[in-house]
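Before any comments, here is the structure.
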Amino acid sequence: MQFSTIISLTVVASMTILSTMAAPAAPVCNKACTKIYKPVCAKLLSGENKTFPNVCEMNVFNCENPTNKPALVAETACEDIAPKCNKACPKIYAPVCAKLLSGESKTFGNKCTLDVYNCENPTAQAQYVVNGECPATPAPVCNKACTKIYKPVCAKLQSGESKTFGNSCEMNVFNCENPTSLATLVAESACEDVKPAPVCDKACTREYKPVCAKLQSGESKTFSNACTLRVFNCENPTALAEVVSNGECPATPAPVCKKACTNMYAPVCAKLQSGESKTFSNACTLGVFNCENPTALAEVVSNGECPATPAPTCKKACNKMYAPVCAKLQSGENQTFANKCVLEVFNCENPTALATVVSETACKN
């Protein structure tokens, strides 16, 4: 009995020693990193990229996560890494029309060149509109019948240079003929007569001693103190603000809108600020809308209901070939389409909620 007890104790002691030897001690990580921000981008095992403030911080992460060490991708922040775009597009001319962020339309040689453009411009992507070239925009017919009266105006060109026009009519003709390179009015005199902008002393204290002043627009504005008002007037010599009183300007009361409209149906069609058309039951309800939305007035287009916008006729005959593309929806989510044709049908049926191509593969969950 005593012998078996000794054997049992020996076995337990041996197992304790072995288990102690089997469990490695947690690494002691040196966390004494500098505060210098010299970011590096690393790829985690999950496939995501992560920015570390510096290499030392990445090494600490690796030390604390020995089974999930990220691989260095670039010695810069992840968001600064330019995407690697596949520019190997075929020479086939199968044009597509897309809408740029500026609102203009642009024809791309084929869908691939559009994808390359979007890859190189991730924050200013062009949205696919339709197959084929974009319709040509007719050149504007400009009225060139200007008087010979010399009343010069100075305007700033897109190049940054200033140009004197004989009168404002001649400047308008220039802008009509150059719609993508408009000249902006600087002064109602020849450019050589324009005085240089004054050098304004902007060194004001932060003392809050408000003054109320009236702007040229007729609105009132509160300045934090008399000094900030002087700076404003120095920088806007042709639109001086006049002191009304000391203290903050009184709050402008919201307009009281008359909402007592009759139920008579005498519709009017009006254009909203968004560009859409809306039918109002009568002129009174339109007036109420404009009273409640003074900064987004609707303009009357015609009497009667607005004409219905015809739904586009979309081609739905797509082949069954599975060549997936991943596209980003307006909601921000990604969706996989069986092929580009299916995506084009979706965009045709949802012209106000277009999906933008992200990659020519299925979306990764």
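For the structure tokens, the naming scheme is as follows: chains receive sequential letters (A, B, ...) according to their order of presentation, residues are indexed from 1 within each chain, and ligands are indexed from 1 in presentation order.
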Name the residues of stretch 14-134 of chain A that fall into strand (DSSP E or B) according to DSSP on the backbone, using the chain letters and numbers of this document, as JSON, numbers by chain.
{"A": [40, 41, 42, 43, 49, 50, 51, 52, 71, 72, 73, 74, 96, 97, 98, 99, 105, 106, 107, 108, 127, 128, 129, 130, 131]}
Stretch 41-273 of chain A: which residues are helix (DSSP H, G or I) by DSSP, as a count of residues only?
46
Near stretch 319-322 of chain A, within 9 Å and counting only C-alpha atoms, which residues show up once chain neighbours fewer than 5 positions away are dropped, as a PyMOL selection string?
chain A and resi 337-339+341-342
Print the selection's residues with all heavy atoms to a file, as a PDB file, in the first residue's frame.
ATOM      1  N   PHE A 337     -23.199  40.565 -59.236  1.00  0.00           N
ATOM      2  CA  PHE A 337     -24.072  40.352 -60.392  1.00  0.00           C
ATOM      3  C   PHE A 337     -23.471  39.239 -61.240  1.00  0.00           C
ATOM      4  O   PHE A 337     -22.239  39.115 -61.346  1.00  0.00           O
ATOM      5  CB  PHE A 337     -24.202  41.640 -61.204  1.00  0.00           C
ATOM      6  CG  PHE A 337     -24.938  42.740 -60.478  1.00  0.00           C
ATOM      7  CD1 PHE A 337     -24.268  43.587 -59.610  1.00  0.00           C
ATOM      8  CD2 PHE A 337     -26.304  42.911 -60.640  1.00  0.00           C
ATOM      9  CE1 PHE A 337     -24.936  44.593 -58.927  1.00  0.00           C
ATOM     10  CE2 PHE A 337     -26.985  43.916 -59.962  1.00  0.00           C
ATOM     11  CZ  PHE A 337     -26.303  44.751 -59.105  1.00  0.00           C
ATOM     12  N   ALA A 338     -24.337  38.418 -61.835  1.00  0.00           N
ATOM     13  CA  ALA A 338     -23.875  37.237 -62.571  1.00  0.00           C
ATOM     14  C   ALA A 338     -22.923  37.599 -63.702  1.00  0.00           C
ATOM     15  O   ALA A 338     -21.975  36.881 -63.984  1.00  0.00           O
ATOM     16  CB  ALA A 338     -25.071  36.454 -63.120  1.00  0.00           C
ATOM     17  N   ASN A 339     -23.164  38.723 -64.364  1.00  0.00           N
ATOM     18  CA  ASN A 339     -22.270  39.229 -65.406  1.00  0.00           C
ATOM     19  C   ASN A 339     -22.569  40.714 -65.623  1.00  0.00           C
ATOM     20  O   ASN A 339     -23.496  41.272 -65.017  1.00  0.00           O
ATOM     21  CB  ASN A 339     -22.388  38.426 -66.709  1.00  0.00           C
ATOM     22  CG  ASN A 339     -23.828  38.313 -67.196  1.00  0.00           C
ATOM     23  OD1 ASN A 339     -24.524  39.328 -67.295  1.00  0.00           O
ATOM     24  ND2 ASN A 339     -24.270  37.095 -67.491  1.00  0.00           N
ATOM     25  N   CYS A 341     -23.848  42.279 -68.097  1.00  0.00           N
ATOM     26  CA  CYS A 341     -25.153  42.538 -68.699  1.00  0.00           C
ATOM     27  C   CYS A 341     -26.233  42.659 -67.625  1.00  0.00           C
ATOM     28  O   CYS A 341     -27.077  43.558 -67.675  1.00  0.00           O
ATOM     29  CB  CYS A 341     -25.499  41.432 -69.693  1.00  0.00           C
ATOM     30  SG  CYS A 341     -27.139  41.600 -70.436  1.00  0.00           S
ATOM     31  N   VAL A 342     -26.192  41.770 -66.640  1.00  0.00           N
ATOM     32  CA  VAL A 342     -27.184  41.809 -65.554  1.00  0.00           C
ATOM     33  C   VAL A 342     -27.044  43.106 -64.759  1.00  0.00           C
ATOM     34  O   VAL A 342     -28.039  43.718 -64.352  1.00  0.00           O
ATOM     35  CB  VAL A 342     -27.018  40.581 -64.622  1.00  0.00           C
ATOM     36  CG1 VAL A 342     -27.992  40.642 -63.455  1.00  0.00           C
ATOM     37  CG2 VAL A 342     -27.217  39.284 -65.410  1.00  0.00           C
TER      38      VAL A 342
END
Extract, using only C-alpha atoms, all DNA, RNA and protein residues at most 12 Å from A:Cys41, discarding same-chain residues fewer than 2 positions from it, and format them as a list in words.
Lys38, Pro39, Lys43, Leu44, Glu48, Asn49, Lys50, Thr51, Phe52, Pro53, Asn54, Val55, Glu57, Met58, Pro70, Ala71, Leu72, Val73, Ala74, Glu75, Thr76, Ala77, Cys78, Glu79, Asp80 and Ile81 of chain A
So which residues touch A:Lys163 within 8 Å, counting only C-alpha atoms, skipping near sequence neighbours fewer than 3 positions away, as a list in words?
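Close residues of A:Lys163: Cys154, Ala155, Lys156, Leu157 and Cys191 of chain A.
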List the spatial neighbours of stretch 226-231 of chain A as JSON, numbers by chain - criterion: any atom at most 12 Å away, only C-alpha atoms, same-chain residues fewer than 6 positions off excluded.
{"A": [198, 199, 200, 201, 202, 203, 204, 205, 206, 207, 208, 209, 210, 211, 212, 213, 214, 215, 237, 240, 241, 242, 243, 244, 245, 246, 247, 248]}
Only N, CA, C and O atoms, please: the residues just picked out, written as a tab-separated table (two decimals), in the first residue's frame.
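And here's selection10.tsv as it stands now:
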chain	number	residue	atom	x	y	z
A	198	PRO	N	-6.19	95.06	-50.26
A	198	PRO	CA	-5.47	95.62	-49.11
A	198	PRO	C	-4.91	94.52	-48.21
A	198	PRO	O	-5.44	93.41	-48.16
A	199	VAL	N	-3.82	94.85	-47.51
A	199	VAL	CA	-3.24	93.92	-46.53
A	199	VAL	C	-3.94	94.19	-45.20
A	199	VAL	O	-3.81	95.26	-44.61
A	200	CYS	N	-4.73	93.23	-44.76
A	200	CYS	CA	-5.57	93.43	-43.57
A	200	CYS	C	-4.89	92.86	-42.33
A	200	CYS	O	-4.37	91.73	-42.35
A	201	ASP	N	-4.92	93.64	-41.27
A	201	ASP	CA	-4.39	93.19	-39.98
A	201	ASP	C	-5.43	92.29	-39.32
A	201	ASP	O	-6.50	92.72	-38.92
A	202	LYS	N	-5.12	90.98	-39.26
A	202	LYS	CA	-6.09	90.01	-38.74
A	202	LYS	C	-5.81	89.63	-37.28
A	202	LYS	O	-6.41	88.69	-36.76
A	203	ALA	N	-4.92	90.36	-36.64
A	203	ALA	CA	-4.55	90.02	-35.25
A	203	ALA	C	-5.60	90.56	-34.29
A	203	ALA	O	-5.44	91.66	-33.72
A	204	CYS	N	-6.68	89.81	-34.12
A	204	CYS	CA	-7.73	90.20	-33.18
A	204	CYS	C	-7.66	89.35	-31.93
A	204	CYS	O	-7.23	88.18	-31.98
A	205	THR	N	-8.08	89.91	-30.81
A	205	THR	CA	-8.13	89.13	-29.57
A	205	THR	C	-9.33	88.19	-29.61
A	205	THR	O	-10.21	88.33	-30.47
A	206	ARG	N	-9.38	87.26	-28.68
A	206	ARG	CA	-10.50	86.32	-28.62
A	206	ARG	C	-11.58	86.79	-27.65
A	206	ARG	O	-12.49	86.05	-27.32
A	207	GLU	N	-11.46	88.01	-27.22
A	207	GLU	CA	-12.46	88.56	-26.32
A	207	GLU	C	-13.83	88.56	-26.99
A	207	GLU	O	-13.98	89.01	-28.13
A	208	TYR	N	-14.83	88.02	-26.31
A	208	TYR	CA	-16.18	87.96	-26.88
A	208	TYR	C	-16.96	89.18	-26.41
A	208	TYR	O	-17.47	89.25	-25.30
A	209	LYS	N	-17.02	90.18	-27.31
A	209	LYS	CA	-17.76	91.40	-27.05
A	209	LYS	C	-18.53	91.70	-28.33
A	209	LYS	O	-18.13	92.54	-29.14
A	210	PRO	N	-19.63	90.96	-28.56
A	210	PRO	CA	-20.28	90.94	-29.87
A	210	PRO	C	-20.85	92.28	-30.31
A	210	PRO	O	-21.26	93.11	-29.50
A	211	VAL	N	-20.84	92.45	-31.65
A	211	VAL	CA	-21.51	93.59	-32.27
A	211	VAL	C	-22.36	93.05	-33.41
A	211	VAL	O	-22.00	92.08	-34.06
A	212	CYS	N	-23.49	93.70	-33.62
A	212	CYS	CA	-24.41	93.30	-34.69
A	212	CYS	C	-24.24	94.27	-35.85
A	212	CYS	O	-24.23	95.49	-35.66
A	213	ALA	N	-24.05	93.72	-37.07
A	213	ALA	CA	-23.86	94.56	-38.24
A	213	ALA	C	-24.78	94.12	-39.37
A	213	ALA	O	-25.18	92.96	-39.44
A	214	LYS	N	-25.10	95.06	-40.25
A	214	LYS	CA	-25.98	94.78	-41.39
A	214	LYS	C	-25.13	94.61	-42.64
A	214	LYS	O	-24.33	95.48	-42.98
A	215	LEU	N	-25.30	93.47	-43.33
A	215	LEU	CA	-24.56	93.19	-44.55
A	215	LEU	C	-25.23	93.87	-45.74
A	215	LEU	O	-26.37	94.33	-45.67
A	237	PRO	N	-14.08	95.39	-49.25
A	237	PRO	CA	-14.23	96.85	-49.33
A	237	PRO	C	-15.44	97.30	-50.14
A	237	PRO	O	-15.92	98.42	-49.95
A	240	LEU	N	-19.27	96.53	-47.54
A	240	LEU	CA	-19.04	96.81	-46.13
A	240	LEU	C	-20.26	96.47	-45.27
A	240	LEU	O	-21.40	96.64	-45.70
A	241	ALA	N	-19.97	95.99	-44.07
A	241	ALA	CA	-21.03	95.74	-43.09
A	241	ALA	C	-21.09	96.94	-42.15
A	241	ALA	O	-20.05	97.43	-41.69
A	242	GLU	N	-22.31	97.40	-41.86
A	242	GLU	CA	-22.50	98.59	-41.02
A	242	GLU	C	-22.97	98.17	-39.63
A	242	GLU	O	-23.89	97.34	-39.49
A	243	VAL	N	-22.35	98.77	-38.61
A	243	VAL	CA	-22.72	98.45	-37.23
A	243	VAL	C	-24.16	98.89	-36.97
A	243	VAL	O	-24.57	100.00	-37.32
A	244	VAL	N	-24.93	97.99	-36.37
A	244	VAL	CA	-26.32	98.29	-36.00
A	244	VAL	C	-26.41	98.54	-34.50
A	244	VAL	O	-27.01	99.52	-34.06
A	245	SER	N	-25.79	97.65	-33.74
A	245	SER	CA	-25.86	97.79	-32.28
A	245	SER	C	-24.79	96.92	-31.63
A	245	SER	O	-24.24	96.00	-32.26
A	246	ASN	N	-24.50	97.23	-30.38
A	246	ASN	CA	-23.63	96.35	-29.60
A	246	ASN	C	-24.44	95.13	-29.16
A	246	ASN	O	-25.66	95.21	-28.99
A	247	GLY	N	-23.76	94.00	-28.98
A	247	GLY	CA	-24.46	92.77	-28.61
A	247	GLY	C	-24.79	91.93	-29.83
A	247	GLY	O	-24.60	92.34	-30.97
A	248	GLU	N	-25.27	90.72	-29.57
A	248	GLU	CA	-25.62	89.81	-30.65
A	248	GLU	C	-26.85	90.30	-31.42
A	248	GLU	O	-27.71	90.99	-30.85
Of the candidates A:Thr352, A:Gln216, A:Thr238, A:Thr262, which shows the shortest atom-to-atom distance to A:Glu276, using only C-alpha atoms?
A:Thr352
